[in-house]
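**Q** Enclosed is the structure file target_25.pdb (PDB, C-alpha atoms).
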```pdb
ATOM      1  CA  MET A   1       0.303 -18.891  15.063
ATOM      2  CA  SER A   2      -1.874 -17.775  12.177
ATOM      3  CA  PHE A   3      -0.931 -21.003  10.344
ATOM      4  CA  ALA A   4      -2.105 -23.061  13.329
ATOM      5  CA  ASN A   5      -5.264 -21.004  13.729
ATOM      6  CA  THR A   6      -6.285 -21.239  10.057
ATOM      7  CA  ASP A   7      -4.741 -24.207   8.245
ATOM      8  CA  LEU A   8      -4.199 -26.679  11.078
ATOM      9  CA  ILE A   9      -7.258 -26.197  13.251
ATOM     10  CA  THR A  10      -9.776 -26.162  10.401
ATOM     11  CA  ARG A  11      -8.369 -29.250   8.698
ATOM     12  CA  LEU A  12      -7.746 -31.300  11.833
ATOM     13  CA  ALA A  13     -11.120 -30.436  13.356
ATOM     14  CA  SER A  14     -12.924 -31.289  10.110
ATOM     15  CA  TRP A  15     -11.149 -34.654  10.231
ATOM     16  CA  TYR A  16     -11.727 -35.812  13.804
ATOM     17  CA  LEU A  17     -14.934 -34.036  14.884
ATOM     18  CA  PRO A  18     -17.172 -36.097  12.544
ATOM     19  CA  LEU A  19     -15.500 -39.269  13.851
ATOM     20  CA  VAL A  20     -16.460 -38.453  17.444
ATOM     21  CA  GLY A  21     -20.002 -37.432  16.511
ATOM     22  CA  VAL A  22     -19.687 -33.681  17.012
ATOM     23  CA  LEU A  23     -20.169 -32.910  13.303
ATOM     24  CA  PRO A  24     -22.218 -34.838  10.709
ATOM     25  CA  TYR A  25     -20.178 -37.671   9.192
ATOM     26  CA  ASN A  26     -19.435 -37.754   5.475
ATOM     27  CA  LYS A  27     -16.750 -40.251   4.474
ATOM     28  CA  LYS A  28     -15.585 -38.304   1.410
ATOM     29  CA  THR A  29     -15.202 -35.088   3.419
ATOM     30  CA  VAL A  30     -13.383 -36.831   6.276
ATOM     31  CA  ASP A  31     -10.948 -38.524   3.858
ATOM     32  CA  GLU A  32     -10.274 -35.204   2.110
ATOM     33  CA  GLN A  33      -9.615 -33.458   5.423
ATOM     34  CA  ALA A  34      -7.284 -36.261   6.528
ATOM     35  CA  THR A  35      -5.214 -35.693   3.374
ATOM     36  CA  ALA A  36      -5.322 -31.908   3.844
ATOM     37  CA  SER A  37      -4.242 -32.265   7.487
ATOM     38  CA  ALA A  38      -1.275 -34.410   6.484
ATOM     39  CA  ALA A  39      -0.219 -31.772   3.939
ATOM     40  CA  ALA A  40      -0.397 -28.993   6.534
ATOM     41  CA  LEU A  41       1.474 -31.064   9.099
ATOM     42  CA  LYS A  42       4.135 -31.839   6.485
ATOM     43  CA  VAL A  43       4.940 -28.112   6.420
ATOM     44  CA  LEU A  44       5.397 -28.259  10.187
ATOM     45  CA  GLU A  45       7.484 -31.435   9.888
ATOM     46  CA  THR A  46       9.843 -29.807   7.385
ATOM     47  CA  HIS A  47      10.303 -26.762   9.614
ATOM     48  CA  LEU A  48      10.832 -28.793  12.791
ATOM     49  CA  THR A  49      13.309 -31.116  11.101
ATOM     50  CA  ALA A  50      15.627 -28.139  10.736
ATOM     51  CA  ASN A  51      14.585 -26.274  13.907
ATOM     52  CA  THR A  52      14.093 -27.355  17.508
ATOM     53  CA  PHE A  53      11.056 -25.123  18.032
ATOM     54  CA  LEU A  54       8.810 -22.944  15.896
ATOM     55  CA  VAL A  55      10.654 -19.709  16.687
ATOM     56  CA  GLY A  56      14.294 -19.850  17.751
ATOM     57  CA  GLU A  57      15.835 -22.418  20.076
ATOM     58  CA  ARG A  58      13.509 -21.973  23.055
ATOM     59  CA  ILE A  59       9.844 -22.668  23.624
ATOM     60  CA  THR A  60       7.719 -19.610  22.898
ATOM     61  CA  LEU A  61       4.018 -18.797  22.924
ATOM     62  CA  ALA A  62       3.877 -20.008  19.307
ATOM     63  CA  ASP A  63       4.863 -23.539  20.413
ATOM     64  CA  ILE A  64       2.369 -23.625  23.281
ATOM     65  CA  PHE A  65      -0.445 -22.263  21.116
ATOM     66  CA  THR A  66       0.221 -24.669  18.237
ATOM     67  CA  ALA A  67       0.612 -27.686  20.532
ATOM     68  CA  GLY A  68      -2.765 -26.808  22.023
ATOM     69  CA  ILE A  69      -4.260 -26.829  18.530
ATOM     70  CA  ILE A  70      -2.752 -30.221  17.660
ATOM     71  CA  ARG A  71      -3.370 -31.867  21.060
ATOM     72  CA  ARG A  72      -6.817 -33.250  20.213
ATOM     73  CA  GLY A  73      -5.474 -34.570  16.929
ATOM     74  CA  PHE A  74      -2.903 -36.677  18.802
ATOM     75  CA  ALA A  75      -5.690 -37.941  21.055
ATOM     76  CA  THR A  76      -7.932 -39.041  18.170
ATOM     77  CA  VAL A  77      -6.385 -39.506  14.723
ATOM     78  CA  LEU A  78      -2.624 -38.890  14.810
ATOM     79  CA  ASP A  79      -1.840 -42.460  15.777
ATOM     80  CA  LYS A  80       1.294 -44.580  16.120
ATOM     81  CA  LYS A  81       1.664 -44.950  12.333
ATOM     82  CA  PHE A  82       1.408 -41.178  11.876
ATOM     83  CA  ARG A  83       3.965 -40.555  14.608
ATOM     84  CA  SER A  84       6.444 -42.891  12.911
ATOM     85  CA  GLU A  85       6.196 -40.775   9.726
ATOM     86  CA  PHE A  86       6.168 -37.354  11.430
ATOM     87  CA  VAL A  87       9.079 -37.820  13.799
ATOM     88  CA  ALA A  88       9.993 -34.141  14.178
ATOM     89  CA  VAL A  89       6.420 -33.035  14.921
ATOM     90  CA  THR A  90       6.047 -35.821  17.487
ATOM     91  CA  ARG A  91       9.376 -34.968  19.144
ATOM     92  CA  TRP A  92       8.434 -31.287  19.330
ATOM     93  CA  PHE A  93       4.925 -32.024  20.675
ATOM     94  CA  ASN A  94       6.225 -34.347  23.406
ATOM     95  CA  THR A  95       8.781 -31.730  24.433
ATOM     96  CA  VAL A  96       6.150 -29.002  24.783
ATOM     97  CA  VAL A  97       3.525 -31.057  26.624
ATOM     98  CA  ASN A  98       6.071 -32.313  29.148
ATOM     99  CA  GLN A  99       6.963 -28.836  30.393
ATOM    100  CA  SER A 100       5.888 -28.134  33.971
ATOM    101  CA  TYR A 101       3.735 -25.125  33.058
ATOM    102  CA  TRP A 102       1.834 -27.268  30.551
ATOM    103  CA  LYS A 103       1.377 -30.140  33.025
ATOM    104  CA  ASP A 104      -0.028 -27.723  35.601
ATOM    105  CA  VAL A 105      -3.010 -27.279  33.274
ATOM    106  CA  ILE A 106      -3.122 -30.578  31.351
ATOM    107  CA  PRO A 107      -1.333 -33.246  33.414
ATOM    108  CA  GLU A 108      -1.319 -35.961  30.752
ATOM    109  CA  ALA A 109      -1.341 -35.678  26.960
ATOM    110  CA  THR A 110      -3.102 -38.582  25.230
ATOM    111  CA  LEU A 111      -1.351 -40.272  22.302
ATOM    112  CA  VAL A 112      -3.787 -42.603  20.571
ATOM    113  CA  GLU A 113      -2.385 -45.963  19.424
ATOM    114  CA  GLU A 114      -4.822 -46.387  16.552
ATOM    115  CA  ALA A 115      -6.879 -43.655  14.903
ATOM    116  CA  ILE A 116     -10.497 -43.687  15.972
ATOM    117  CA  LYS A 117     -13.007 -44.939  13.433
ATOM    118  CA  TYR A 118     -16.498 -43.737  12.777
ATOM    119  CA  THR A 119     -19.188 -45.774  14.484
ATOM    120  CA  PRO A 120     -22.705 -45.010  13.274
ATOM    121  CA  PRO A 121     -25.148 -44.424  16.127
ATOM    122  CA  LYS A 122     -27.574 -47.224  16.915
ATOM    123  CA  LYS A 123     -31.094 -46.564  15.815
ATOM    124  CA  GLU A 124     -33.451 -46.507  18.749
ATOM    125  CA  GLU A 125     -36.815 -48.143  18.355
ATOM    126  CA  LYS A 126     -39.400 -45.463  18.671
ATOM    127  CA  PRO A 127     -42.664 -46.289  20.417
ATOM    128  CA  LYS A 128     -45.685 -46.142  18.191
ATOM    129  CA  LYS A 129     -47.368 -42.817  18.388
ATOM    130  CA  GLU A 130     -50.986 -42.655  19.360
ATOM    131  CA  ALA A 131     -53.269 -40.802  17.045
ATOM    132  CA  PRO A 132     -53.429 -37.209  18.212
ATOM    133  CA  LYS A 133     -56.580 -36.205  19.981
ATOM    134  CA  PRO A 134     -58.603 -33.458  18.378
ATOM    135  CA  ALA A 135     -57.492 -30.125  19.734
ATOM    136  CA  ALA A 136     -59.843 -28.505  22.171
ATOM    137  CA  LYS A 137     -61.379 -25.230  21.105
ATOM    138  CA  GLU A 138     -59.161 -22.371  22.104
ATOM    139  CA  GLU A 139     -60.623 -19.972  24.576
ATOM    140  CA  ASP A 140     -60.995 -16.350  23.575
ATOM    141  CA  ASP A 141     -58.697 -15.223  26.358
ATOM    142  CA  GLU A 142     -55.808 -17.489  25.240
ATOM    143  CA  GLU A 143     -52.522 -15.623  24.809
ATOM    144  CA  PRO A 144     -51.678 -14.781  21.178
ATOM    145  CA  ASP A 145     -48.746 -16.520  19.468
ATOM    146  CA  VAL A 146     -45.465 -14.742  20.074
ATOM    147  CA  LYS A 147     -43.858 -13.813  16.763
ATOM    148  CA  PRO A 148     -40.104 -14.350  16.493
ATOM    149  CA  GLU A 149     -38.041 -11.204  16.550
ATOM    150  CA  PRO A 150     -37.047 -10.010  13.077
ATOM    151  CA  LYS A 151     -33.471 -10.777  12.042
ATOM    152  CA  ALA A 152     -31.147  -7.848  12.690
ATOM    153  CA  LYS A 153     -30.307  -5.958   9.519
ATOM    154  CA  HIS A 154     -26.814  -5.025   8.442
ATOM    155  CA  PRO A 155     -26.178  -1.368   9.404
ATOM    156  CA  LEU A 156     -25.370  -0.499   5.771
ATOM    157  CA  GLU A 157     -28.919  -1.464   4.746
ATOM    158  CA  ALA A 158     -29.934   1.956   6.081
ATOM    159  CA  LEU A 159     -28.125   3.642   3.171
ATOM    160  CA  GLY A 160     -30.740   2.391   0.746
ATOM    161  CA  LYS A 161     -30.248   1.141  -2.795
ATOM    162  CA  PRO A 162     -27.352   2.750  -4.714
ATOM    163  CA  THR A 163     -27.460   3.661  -8.391
ATOM    164  CA  LEU A 164     -24.192   1.792  -8.957
ATOM    165  CA  ILE A 165     -25.214  -1.820  -8.416
ATOM    166  CA  LEU A 166     -22.292  -3.662  -6.862
ATOM    167  CA  ASP A 167     -23.173  -6.972  -8.522
ATOM    168  CA  GLU A 168     -22.885  -5.345 -11.946
ATOM    169  CA  TRP A 169     -19.348  -4.193 -11.170
ATOM    170  CA  LYS A 170     -18.485  -7.660  -9.865
ATOM    171  CA  ARG A 171     -19.683  -9.151 -13.175
ATOM    172  CA  GLN A 172     -17.604  -6.648 -15.133
ATOM    173  CA  TYR A 173     -14.524  -7.548 -13.098
ATOM    174  CA  SER A 174     -15.099 -11.304 -13.373
ATOM    175  CA  ASN A 175     -15.944 -11.459 -17.078
ATOM    176  CA  ASN A 176     -13.487  -8.979 -18.591
ATOM    177  CA  ASP A 177      -9.780  -8.231 -18.682
ATOM    178  CA  THR A 178      -9.072  -5.959 -15.737
ATOM    179  CA  ARG A 179      -7.030  -3.116 -17.219
ATOM    180  CA  PRO A 180      -8.381  -2.717 -20.774
ATOM    181  CA  VAL A 181     -12.088  -3.299 -20.043
ATOM    182  CA  ALA A 182     -13.106  -3.607 -16.377
ATOM    183  CA  MET A 183     -11.235  -0.613 -14.935
ATOM    184  CA  PRO A 184     -12.406   1.913 -17.569
ATOM    185  CA  TRP A 185     -15.961   0.747 -16.872
ATOM    186  CA  PHE A 186     -15.395   1.170 -13.144
ATOM    187  CA  TRP A 187     -14.060   4.728 -13.322
ATOM    188  CA  GLN A 188     -16.848   5.729 -15.695
ATOM    189  CA  ASN A 189     -19.549   4.391 -13.355
ATOM    190  CA  TYR A 190     -17.992   4.955  -9.920
ATOM    191  CA  LYS A 191     -20.195   7.053  -7.594
ATOM    192  CA  PRO A 192     -18.095   8.672  -4.840
ATOM    193  CA  GLU A 193     -21.254   9.844  -3.066
ATOM    194  CA  GLU A 194     -22.371   6.204  -2.707
ATOM    195  CA  TYR A 195     -19.083   4.363  -2.187
ATOM    196  CA  SER A 196     -15.576   4.907  -0.853
ATOM    197  CA  LEU A 197     -12.227   3.336  -1.739
ATOM    198  CA  TRP A 198      -9.818   1.946   0.865
ATOM    199  CA  LEU A 199      -6.254   0.701   0.995
ATOM    200  CA  VAL A 200      -5.940  -2.253   3.389
ATOM    201  CA  ASP A 201      -2.565  -3.308   4.841
ATOM    202  CA  TYR A 202      -1.876  -6.185   7.224
ATOM    203  CA  LYS A 203      -0.315  -4.843  10.439
ATOM    204  CA  TYR A 204       1.948  -7.781  11.223
ATOM    205  CA  ASN A 205       3.841  -8.450   7.990
ATOM    206  CA  ASP A 206       7.029  -9.082   9.981
ATOM    207  CA  GLU A 207       5.354 -12.212  11.414
ATOM    208  CA  LEU A 208       4.496 -13.688   7.997
ATOM    209  CA  LYS A 209       6.573 -16.688   6.929
ATOM    210  CA  LEU A 210       5.608 -18.789   3.896
ATOM    211  CA  THR A 211       3.676 -16.997   1.154
ATOM    212  CA  PHE A 212       1.008 -19.706   0.888
ATOM    213  CA  MET A 213       0.338 -19.365   4.613
ATOM    214  CA  ALA A 214      -0.065 -15.604   4.174
ATOM    215  CA  ASN A 215      -2.491 -16.234   1.324
ATOM    216  CA  ASN A 216      -4.506 -18.584   3.549
ATOM    217  CA  LEU A 217      -4.674 -15.757   6.085
ATOM    218  CA  ILE A 218      -6.367 -13.582   3.447
ATOM    219  CA  GLY A 219      -8.790 -16.404   2.638
ATOM    220  CA  GLY A 220      -9.782 -16.731   6.288
ATOM    221  CA  PHE A 221     -10.302 -12.976   6.604
ATOM    222  CA  PHE A 222     -12.503 -12.934   3.498
ATOM    223  CA  ALA A 223     -14.573 -15.858   4.800
ATOM    224  CA  ARG A 224     -15.330 -13.885   7.954
ATOM    225  CA  LEU A 225     -16.466 -10.877   5.872
ATOM    226  CA  GLU A 226     -19.373 -12.886   4.435
ATOM    227  CA  ALA A 227     -22.055 -10.823   6.212
ATOM    228  CA  SER A 228     -20.897  -7.730   4.282
ATOM    229  CA  ARG A 229     -20.789  -9.325   0.830
ATOM    230  CA  LYS A 230     -23.623  -7.126  -0.489
ATOM    231  CA  PHE A 231     -21.726  -3.954   0.465
ATOM    232  CA  LEU A 232     -18.128  -4.781  -0.338
ATOM    233  CA  PHE A 233     -15.781  -5.630  -3.186
ATOM    234  CA  GLY A 234     -12.034  -5.938  -3.056
ATOM    235  CA  ALA A 235      -8.872  -7.866  -3.733
ATOM    236  CA  ALA A 236      -5.953  -8.555  -1.415
ATOM    237  CA  SER A 237      -2.696 -10.261  -2.302
ATOM    238  CA  VAL A 238       0.582 -11.536  -0.968
ATOM    239  CA  TYR A 239       3.628  -9.733  -2.348
ATOM    240  CA  GLY A 240       7.286 -10.683  -1.933
ATOM    241  CA  GLU A 241       8.758 -14.116  -1.254
ATOM    242  CA  ASN A 242       8.909 -16.725   1.506
ATOM    243  CA  TYR A 243      10.000 -15.210   4.839
ATOM    244  CA  LYS A 244       9.864 -11.707   3.363
ATOM    245  CA  CYS A 245       6.341 -10.883   2.272
ATOM    246  CA  LEU A 246       3.440  -8.538   2.921
ATOM    247  CA  ILE A 247      -0.342  -8.450   2.515
ATOM    248  CA  ARG A 248      -1.973  -5.502   0.778
ATOM    249  CA  GLY A 249      -5.334  -4.916  -0.899
ATOM    250  CA  ALA A 250      -7.856  -2.345  -2.101
ATOM    251  CA  PHE A 251     -11.590  -2.318  -1.418
ATOM    252  CA  LEU A 252     -14.737  -0.629  -2.668
ATOM    253  CA  VAL A 253     -17.046  -0.043   0.312
ATOM    254  CA  ARG A 254     -20.675   1.075   0.422
ATOM    255  CA  GLY A 255     -20.849   4.381   2.287
ATOM    256  CA  GLN A 256     -18.074   6.671   3.448
ATOM    257  CA  GLU A 257     -16.770   4.672   6.431
ATOM    258  CA  CYS A 258     -15.007   1.316   6.338
ATOM    259  CA  LEU A 259     -15.805   0.053   9.835
ATOM    260  CA  PRO A 260     -19.474  -0.967   9.287
ATOM    261  CA  ALA A 261     -18.374  -3.243   6.444
ATOM    262  CA  PHE A 262     -15.252  -4.723   8.039
ATOM    263  CA  ASP A 263     -16.110  -5.126  11.720
ATOM    264  CA  VAL A 264     -18.201  -8.226  10.955
ATOM    265  CA  ALA A 265     -14.825 -10.036  10.845
ATOM    266  CA  PRO A 266     -13.344 -10.586  14.322
ATOM    267  CA  ASP A 267      -9.802 -10.074  12.986
ATOM    268  CA  TRP A 268     -10.468  -6.724  11.279
ATOM    269  CA  GLU A 269      -8.227  -4.979  13.823
ATOM    270  CA  SER A 270      -5.231  -6.839  12.370
ATOM    271  CA  TYR A 271      -5.464  -4.538   9.350
ATOM    272  CA  GLU A 272      -4.857  -0.832   8.734
ATOM    273  CA  PHE A 273      -7.356   1.078   6.606
ATOM    274  CA  LYS A 274      -6.552   4.209   4.629
ATOM    275  CA  LYS A 275      -9.145   6.084   2.581
ATOM    276  CA  LEU A 276      -8.129   6.669  -1.032
ATOM    277  CA  ASP A 277      -9.040   9.599  -3.285
ATOM    278  CA  HIS A 278     -10.276   8.623  -6.744
ATOM    279  CA  THR A 279      -9.393  12.098  -8.071
ATOM    280  CA  LYS A 280      -5.672  11.542  -7.370
ATOM    281  CA  GLU A 281      -3.778   9.811 -10.157
ATOM    282  CA  GLU A 282      -1.484   7.933  -7.756
ATOM    283  CA  ASP A 283      -4.462   6.523  -5.829
ATOM    284  CA  ARG A 284      -6.218   5.442  -9.028
ATOM    285  CA  LYS A 285      -3.036   3.708 -10.196
ATOM    286  CA  LEU A 286      -2.639   1.961  -6.839
ATOM    287  CA  ILE A 287      -6.209   0.621  -7.005
ATOM    288  CA  GLU A 288      -5.725  -0.616 -10.558
ATOM    289  CA  ASP A 289      -2.437  -2.318  -9.648
ATOM    290  CA  LEU A 290      -3.965  -4.043  -6.621
ATOM    291  CA  TRP A 291      -6.953  -5.274  -8.639
ATOM    292  CA  ALA A 292      -5.036  -6.275 -11.778
ATOM    293  CA  TRP A 293      -2.339  -8.434 -10.108
ATOM    294  CA  ASP A 294       0.093  -7.834 -12.970
ATOM    295  CA  THR A 295       2.670  -5.564 -11.373
ATOM    296  CA  PRO A 296       4.711  -5.370  -8.146
ATOM    297  CA  VAL A 297       3.732  -2.990  -5.362
ATOM    298  CA  VAL A 298       6.199  -0.432  -4.087
ATOM    299  CA  ARG A 299       6.503  -0.011  -0.347
ATOM    300  CA  GLU A 300       9.236   1.809   1.568
ATOM    301  CA  GLY A 301      11.056   2.357  -1.720
ATOM    302  CA  LYS A 302      11.220  -1.357  -2.532
ATOM    303  CA  GLU A 303       9.395  -3.406  -5.176
ATOM    304  CA  TRP A 304       7.466  -6.449  -3.939
ATOM    305  CA  PRO A 305       6.435  -8.907  -6.713
ATOM    306  CA  HIS A 306       2.905 -10.314  -6.757
ATOM    307  CA  VAL A 307       2.627 -13.912  -5.512
ATOM    308  CA  ASP A 308      -1.032 -14.839  -5.031
ATOM    309  CA  GLY A 309      -4.261 -13.407  -3.707
ATOM    310  CA  HIS A 310      -8.015 -13.559  -3.221
ATOM    311  CA  VAL A 311     -10.889 -11.519  -4.629
ATOM    312  CA  PHE A 312     -13.867 -10.699  -2.415
ATOM    313  CA  LYS A 313     -16.881 -10.447  -4.693
TER     314      LYS A 313
END
```
Using structure tokens, write down the structure that the file contains.

**A**
Amino acid sequence: MSFANTDLITRLASWYLPLVGVLPYNKKTVDEQATASAAALKVLETHLTANTFLVGERITLADIFTAGIIRRGFATVLDKKFRSEFVAVTRWFNTVVNQSYWKDVIPEATLVEEAIKYTPPKKEEKPKKEAPKPAAKEEDDEEPDVKPEPKAKHPLEALGKPTLILDEWKRQYSNNDTRPVAMPWFWQNYKPEEYSLWLVDYKYNDELKLTFMANNLIGGFFARLEASRKFLFGAASVYGENYKCLIRGAFLVRGQECLPAFDVAPDWESYEFKKLDHTKEEDRKLIEDLWAWDTPVVREGKEWPHVDGHVFK
């Protein structure tokens, strides 16, 4: 479901929405998203060639959810030619949308014969504007202009400016080798009264399948943390292998609580947060390992090798 809600929906929507006029049209972007959509759907095709449904041999919520994501694609861009190349996806989609509980909500699924093409809107002739009349003198009792309300500030703004400037640490991390240079600088300059350190674990590792899909999940989470960029640094990675992997990361957070920084992302509740103690050797080592990406993590007595990850900086 996370694959459908991150990879599929973003790529498909960025392909067909400009063609129907919902988003601004840019040919290069649309072509790129068409290619990206085909790559994502190829993953689905491979899985459904070997399996009747997404999970097991019966329709589950995962099938209904994913079919709902793809439905508009079949109605706009996934045409007859596409369906001849993605036989398993088409077979699976037709099976799902022809179930009675689906038809009770959406009686007929549209399968487009030929992908829609972009049609630029016709330019309307605008009537010539008359020269504006000179404005009449405003009366003294006219109501004053209403000023727009000031933009709401991030709650962590109230903490003021720290002595450890986060951007300086981000530069150190980006421009230097992590273990020999960046981490010694960090521990020398870290201010526990200004920042806190947090271990972040994904709650639903048993639902993760392919490692690249898990890594895309991290990327989506980081994108939704954008509003907290000035108050947050961290790295999260996928460890393990396909069909047996986990997501784990470590973060530096402005202030002593994690929630004000993370609750800007709607999916923050999918993660567990544990405060780390920089004075404990095992916690310091864990942070260094999670930021250096050069060693496996140990969880439940088992080593999980590093696969890929994202840095939030």

**Q** Evaluate the PyMOL selection byres ((chain A and resi 238) around 12) against this structure - the residues, as a VMD selection string, please.

**A** chain A and resid 201 to 202 205 208 to 219 235 to 237 239 to 249 290 293 296 to 297 304 to 310

**Q** For region 108-121 of chain A, find every residue with an atom within 8 Å (counting only C-alpha atoms), except residues of its own chain fewer than 6 positions away, and show them as a list in words.

**A**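 Once the nearby chain positions are removed, what remains is Pro18, Leu19, Val20, Tyr25, Arg71, Phe74, Ala75, Thr76, Val77, Leu78, Asp79, Lys80, Lys81 and Val97 of chain A.
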
**Q** Taking all atoms listed in the file into account, name the residue in A:Leu44, A:Val105, A:Ala34, A:Ile59 that is nearest to Val89 (chain A).

**A**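 Smallest separation from Val89 (chain A) among the options: A:Leu44.
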
**Q** Going by the chain IDs and residue numbers used in this file, which residues fall under the PyMOL selection byres ((chain A and resi 271) around 9)? Write them as a list of chain:residue names.

**A**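 Checking the PyMOL selection byres ((chain A and resi 271) around 9) against this file, the residues are A:Val200, A:Asp201, A:Tyr202, A:Lys203, A:Tyr204, A:Asp267, A:Trp268, A:Glu269, A:Ser270, A:Glu272, A:Phe273.
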
**Q** Could those residues be written to a file, using C-alpha atoms, as a PDB file, in the coordinates of the input?

**A**
```
ATOM      1  CA  VAL A 200      -5.940  -2.253   3.389  1.00  0.00           C
ATOM      2  CA  ASP A 201      -2.565  -3.308   4.841  1.00  0.00           C
ATOM      3  CA  TYR A 202      -1.876  -6.185   7.224  1.00  0.00           C
ATOM      4  CA  LYS A 203      -0.315  -4.843  10.439  1.00  0.00           C
ATOM      5  CA  TYR A 204       1.948  -7.781  11.223  1.00  0.00           C
ATOM      6  CA  ASP A 267      -9.802 -10.074  12.986  1.00  0.00           C
ATOM      7  CA  TRP A 268     -10.468  -6.724  11.279  1.00  0.00           C
ATOM      8  CA  GLU A 269      -8.227  -4.979  13.823  1.00  0.00           C
ATOM      9  CA  SER A 270      -5.231  -6.839  12.370  1.00  0.00           C
ATOM     10  CA  GLU A 272      -4.857  -0.832   8.734  1.00  0.00           C
ATOM     11  CA  PHE A 273      -7.356   1.078   6.606  1.00  0.00           C
TER      12      PHE A 273
END
```

**Q** Need the shell around Phe86 (chain A): protein/DNA/RNA residues with any atom at most 9 Å away, counting all atoms listed in the file. Skip same-chain ones fewer than 4 positions apart. Format as an MDAnalysis selection string?

**A** chainID A and resid 41:42 45 81:82 90:91

**Q** Mind dumping the selected residues with C-alpha atoms as a compact mmCIF listing (two decimals), in the frame of the given file?

**A**
```txt
# COMPACT_ATOMS: atom_id res chain seq x y z
CA LEU A 41 1.47 -31.06 9.10
CA LYS A 42 4.14 -31.84 6.48
CA GLU A 45 7.48 -31.44 9.89
CA LYS A 81 1.66 -44.95 12.33
CA PHE A 82 1.41 -41.18 11.88
CA THR A 90 6.05 -35.82 17.49
CA ARG A 91 9.38 -34.97 19.14
```

**Q** From the set A:Gly56, A:Pro266, A:Gly234, A:Gly220, which residue has the shortest atom-to-atom contact distance to Val253 (chain A), counting all atoms listed in the file?

**A**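 Closest to Val253 (chain A) of all the choices is A:Gly234.
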
**Q** Take CA of Asp63 (chain A) and CA of Val87 (chain A) and report the distance between them in Å, one decimal.

**A**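 These two atoms are separated by 16.3 Å.
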
**Q** Pull out every residue that the PyMOL selection byres ((chain A and resi 54) around 12) matches in the shown coordinates and put them as a PDB file with C-alpha atoms, in the coordinates of the input.

**A**
```
ATOM      1  CA  MET A   1       0.303 -18.891  15.063  1.00  0.00           C
ATOM      2  CA  PHE A   3      -0.931 -21.003  10.344  1.00  0.00           C
ATOM      3  CA  ALA A   4      -2.105 -23.061  13.329  1.00  0.00           C
ATOM      4  CA  VAL A  43       4.940 -28.112   6.420  1.00  0.00           C
ATOM      5  CA  LEU A  44       5.397 -28.259  10.187  1.00  0.00           C
ATOM      6  CA  GLU A  45       7.484 -31.435   9.888  1.00  0.00           C
ATOM      7  CA  THR A  46       9.843 -29.807   7.385  1.00  0.00           C
ATOM      8  CA  HIS A  47      10.303 -26.762   9.614  1.00  0.00           C
ATOM      9  CA  LEU A  48      10.832 -28.793  12.791  1.00  0.00           C
ATOM     10  CA  THR A  49      13.309 -31.116  11.101  1.00  0.00           C
ATOM     11  CA  ALA A  50      15.627 -28.139  10.736  1.00  0.00           C
ATOM     12  CA  ASN A  51      14.585 -26.274  13.907  1.00  0.00           C
ATOM     13  CA  THR A  52      14.093 -27.355  17.508  1.00  0.00           C
ATOM     14  CA  PHE A  53      11.056 -25.123  18.032  1.00  0.00           C
ATOM     15  CA  VAL A  55      10.654 -19.709  16.687  1.00  0.00           C
ATOM     16  CA  GLY A  56      14.294 -19.850  17.751  1.00  0.00           C
ATOM     17  CA  GLU A  57      15.835 -22.418  20.076  1.00  0.00           C
ATOM     18  CA  ARG A  58      13.509 -21.973  23.055  1.00  0.00           C
ATOM     19  CA  ILE A  59       9.844 -22.668  23.624  1.00  0.00           C
ATOM     20  CA  THR A  60       7.719 -19.610  22.898  1.00  0.00           C
ATOM     21  CA  LEU A  61       4.018 -18.797  22.924  1.00  0.00           C
ATOM     22  CA  ALA A  62       3.877 -20.008  19.307  1.00  0.00           C
ATOM     23  CA  ASP A  63       4.863 -23.539  20.413  1.00  0.00           C
ATOM     24  CA  ILE A  64       2.369 -23.625  23.281  1.00  0.00           C
ATOM     25  CA  PHE A  65      -0.445 -22.263  21.116  1.00  0.00           C
ATOM     26  CA  THR A  66       0.221 -24.669  18.237  1.00  0.00           C
ATOM     27  CA  ALA A  67       0.612 -27.686  20.532  1.00  0.00           C
ATOM     28  CA  ALA A  88       9.993 -34.141  14.178  1.00  0.00           C
ATOM     29  CA  VAL A  89       6.420 -33.035  14.921  1.00  0.00           C
ATOM     30  CA  TRP A  92       8.434 -31.287  19.330  1.00  0.00           C
ATOM     31  CA  PHE A  93       4.925 -32.024  20.675  1.00  0.00           C
ATOM     32  CA  VAL A  96       6.150 -29.002  24.783  1.00  0.00           C
ATOM     33  CA  LYS A 209       6.573 -16.688   6.929  1.00  0.00           C
TER      34      LYS A 209
END
```

**Q** Point out the residue among A:Val298, A:Leu199, A:Leu252, A:Ile70 with the least atom-to-atom distance to Leu164 (chain A), counting only C-alpha atoms.

**A**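 Closest to Leu164 (chain A) of all the choices is A:Leu252.
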
**Q** Which residue, A:Arg179, A:Lys280, A:Arg171, A:Lys274, has the smallest gap to Ser196 (chain A) when you use only C-alpha atoms?

**A** A:Lys274

**Q** In Å to one decimal, how far is CA of Leu159 (chain A) from CA of Glu282 (chain A)?

**A** 29.1 Å

**Q** Under the rule that all atoms listed in the file are counted, which of A:Ala182, A:Leu259, A:Leu166, A:Ala36 is the nearest residue to Lys313 (chain A)?

**A**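 Distance minimum relative to Lys313 (chain A) lands on A:Leu166.
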